[in-house]
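Enquirer: My questions will all concern the structure given below.
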Amino acid sequence: MRRGELLALRWSDVDLDAHSLTVHQQLAIERGRPVVKQLKTEHADRVVTFGPSTAAVLVAHRQRQETERRMLREAWEDTDLVFTNPVGGWIDPSNFGRVMDRLIADAGVPRITPKGLRHTAQSVWRVGVGDDKVTQERLGHADIGITLNTYTHTVSEQHRAAGERLDEVFGS
């Protein structure tokens, strides 16, 4: 998902039982204030599925968020957002990178930008699943060419496997 899509994701858009979420809006900043906007194209409006382990992480996150809401009582901003600032409100998109940097540092993993994370996720998806059409739809692209030219990166393992398949075809 894109940064603005993540920041506008509401719990009402998430179906933890079906392991899916609906992407249909984004958060942007206009005149210094957060604004929820429709996505750029009809193709950007989509359903994204996830597995049981991601569902478990989201359930735990929602439980932590509910505990924070109960502790803060009236001070909590009830936005229904999945990802919030410490009092339940919008995370400013311009601060998102700093929040992500802090989480990365806490996790002790190499730094990556939000856009880099999107590229990495889709490259891993391509190696693991290999379906470019599904990748296009998960990314919300109108044209598969955008997906293939921008977000899909080959890795040496794919090149090695392609060489082995050619050997099999030609009976080396």
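A note on labels: chains of the structure tokens are A, B, ... as shown, every chain counts residues from 1, and ligands are counted from 1 in their shown order.
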Could you pull out all residues of chain A with a DSSP call of strand (DSSP E) and give them as a PyMOL selection string?
Expert: chain A and resi 14-15+20-23+25-30+33-38+46-49
Enquirer: Output N, CA and C atoms of each residue in that selection to a file, as a PDB file, in the first residue's frame.
Expert:
```pdb
ATOM      1  N   VAL A  14     -11.158  -3.127   7.300  1.00  0.00           N
ATOM      2  CA  VAL A  14     -10.404  -4.360   7.536  1.00  0.00           C
ATOM      3  C   VAL A  14     -11.360  -5.464   7.967  1.00  0.00           C
ATOM      4  N   ASP A  15     -11.268  -6.610   7.308  1.00  0.00           N
ATOM      5  CA  ASP A  15     -12.042  -7.787   7.691  1.00  0.00           C
ATOM      6  C   ASP A  15     -11.039  -8.844   8.166  1.00  0.00           C
ATOM      7  N   SER A  20      -8.681  -9.726   4.788  1.00  0.00           N
ATOM      8  CA  SER A  20      -8.643  -8.784   3.668  1.00  0.00           C
ATOM      9  C   SER A  20      -8.926  -7.379   4.165  1.00  0.00           C
ATOM     10  N   LEU A  21      -8.541  -6.428   3.335  1.00  0.00           N
ATOM     11  CA  LEU A  21      -8.858  -5.032   3.614  1.00  0.00           C
ATOM     12  C   LEU A  21      -9.188  -4.345   2.303  1.00  0.00           C
ATOM     13  N   THR A  22      -9.977  -3.293   2.405  1.00  0.00           N
ATOM     14  CA  THR A  22     -10.382  -2.546   1.229  1.00  0.00           C
ATOM     15  C   THR A  22      -9.650  -1.210   1.224  1.00  0.00           C
ATOM     16  N   VAL A  23      -9.004  -0.922   0.114  1.00  0.00           N
ATOM     17  CA  VAL A  23      -8.299   0.348  -0.054  1.00  0.00           C
ATOM     18  C   VAL A  23      -9.195   1.223  -0.927  1.00  0.00           C
ATOM     19  N   GLN A  25      -9.364   5.018  -0.078  1.00  0.00           N
ATOM     20  CA  GLN A  25      -9.103   6.428   0.193  1.00  0.00           C
ATOM     21  C   GLN A  25      -7.646   6.609   0.582  1.00  0.00           C
ATOM     22  N   GLN A  26      -7.228   7.872   0.626  1.00  0.00           N
ATOM     23  CA  GLN A  26      -5.860   8.185   1.008  1.00  0.00           C
ATOM     24  C   GLN A  26      -5.853   9.458   1.833  1.00  0.00           C
ATOM     25  N   LEU A  27      -4.832   9.604   2.642  1.00  0.00           N
ATOM     26  CA  LEU A  27      -4.658  10.808   3.436  1.00  0.00           C
ATOM     27  C   LEU A  27      -3.642  11.694   2.743  1.00  0.00           C
ATOM     28  N   ALA A  28      -3.997  12.940   2.586  1.00  0.00           N
ATOM     29  CA  ALA A  28      -3.087  13.924   1.998  1.00  0.00           C
ATOM     30  C   ALA A  28      -3.109  15.161   2.893  1.00  0.00           C
ATOM     31  N   ILE A  29      -2.150  16.033   2.699  1.00  0.00           N
ATOM     32  CA  ILE A  29      -2.119  17.294   3.430  1.00  0.00           C
ATOM     33  C   ILE A  29      -2.427  18.416   2.439  1.00  0.00           C
ATOM     34  N   GLU A  30      -3.432  19.191   2.763  1.00  0.00           N
ATOM     35  CA  GLU A  30      -3.781  20.359   1.957  1.00  0.00           C
ATOM     36  C   GLU A  30      -3.902  21.557   2.883  1.00  0.00           C
ATOM     37  N   ARG A  33      -3.390  20.850   6.593  1.00  0.00           N
ATOM     38  CA  ARG A  33      -4.333  20.027   7.343  1.00  0.00           C
ATOM     39  C   ARG A  33      -4.536  18.674   6.644  1.00  0.00           C
ATOM     40  N   PRO A  34      -4.748  17.618   7.437  1.00  0.00           N
ATOM     41  CA  PRO A  34      -4.998  16.317   6.819  1.00  0.00           C
ATOM     42  C   PRO A  34      -6.367  16.293   6.139  1.00  0.00           C
ATOM     43  N   VAL A  35      -6.388  15.713   4.944  1.00  0.00           N
ATOM     44  CA  VAL A  35      -7.619  15.608   4.175  1.00  0.00           C
ATOM     45  C   VAL A  35      -7.707  14.189   3.621  1.00  0.00           C
ATOM     46  N   VAL A  36      -8.852  13.559   3.798  1.00  0.00           N
ATOM     47  CA  VAL A  36      -9.073  12.250   3.204  1.00  0.00           C
ATOM     48  C   VAL A  36      -9.597  12.481   1.795  1.00  0.00           C
ATOM     49  N   LYS A  37      -8.941  11.826   0.839  1.00  0.00           N
ATOM     50  CA  LYS A  37      -9.296  12.000  -0.568  1.00  0.00           C
ATOM     51  C   LYS A  37      -9.553  10.646  -1.212  1.00  0.00           C
ATOM     52  N   GLN A  38     -10.295  10.687  -2.300  1.00  0.00           N
ATOM     53  CA  GLN A  38     -10.486   9.489  -3.107  1.00  0.00           C
ATOM     54  C   GLN A  38      -9.164   9.151  -3.780  1.00  0.00           C
ATOM     55  N   ARG A  46      -9.244  -1.078  -4.322  1.00  0.00           N
ATOM     56  CA  ARG A  46      -9.001  -2.512  -4.423  1.00  0.00           C
ATOM     57  C   ARG A  46      -9.129  -3.214  -3.085  1.00  0.00           C
ATOM     58  N   VAL A  47      -9.164  -4.523  -3.156  1.00  0.00           N
ATOM     59  CA  VAL A  47      -9.140  -5.373  -1.970  1.00  0.00           C
ATOM     60  C   VAL A  47      -7.769  -6.021  -1.913  1.00  0.00           C
ATOM     61  N   VAL A  48      -7.148  -5.979  -0.745  1.00  0.00           N
ATOM     62  CA  VAL A  48      -5.839  -6.595  -0.533  1.00  0.00           C
ATOM     63  C   VAL A  48      -6.025  -7.698   0.504  1.00  0.00           C
ATOM     64  N   THR A  49      -5.552  -8.884   0.180  1.00  0.00           N
ATOM     65  CA  THR A  49      -5.665 -10.008   1.099  1.00  0.00           C
ATOM     66  C   THR A  49      -4.351 -10.200   1.852  1.00  0.00           C
TER      67      THR A  49
END
```
Enquirer: Give me the residues near Leu16 in chain A as a ChimeraX atom specification, where near means some atom within 9 Å (using only C-alpha atoms) and where sequence neighbours in that chain fewer than 5 positions away do not count.
Expert: /A:21,52,55-56,58-59
Enquirer: Write out as a VMD selection string the set of residues from range 100-139 of chain A that DSSP, computed on the backbone, places in helix (DSSP H, G or I).
Expert: chain A and resid 100 to 107 114 to 128 132 to 139
Enquirer: If you count only C-alpha atoms, which residues fall within 9 Å of Ala75 in chain A, apart from same-chain ones fewer than 3 positions away, as JSON, numbers by chain?
Expert: {"A": [69, 72, 87, 88]}
Enquirer: Show which residues sit within 12 Å of Arg138 in chain A, as a ChimeraX atom specification. Count only C-alpha atoms, and ignore same-chain residues fewer than 4 positions away.
Expert: /A:1-2,20-23,43-50,118,121-122,125-126,131-134,142,144,147,151
Enquirer: Figure out the distance between CA of Val99 in chain A and CA of Asp80 in chain A, please, to one decimal in Å.
Expert: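 Separation of CA of Asp80 in chain A and CA of Val99 in chain A: 19.4 Å.
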Enquirer: Using only C-alpha atoms for the distances, tell me which of A:Gly32, A:Pro110, A:Gly140, A:Gly89 is nearest to Arg10 in chain A.
Expert: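 Using only C-alpha atoms, the shortest distance to Arg10 in chain A belongs to A:Gly89.
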Enquirer: Give me, please, the distance in Å between CA of Ile104 in chain A and CA of Asn85 in chain A, quoted to one decimal.
Expert: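 Distance reported for this atom pair: 16.9 Å.
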Enquirer: May I ask for the distance between CA of His19 in chain A and CA of Ser53 in chain A, given in Å to one decimal place?
Expert: 9.7 Å
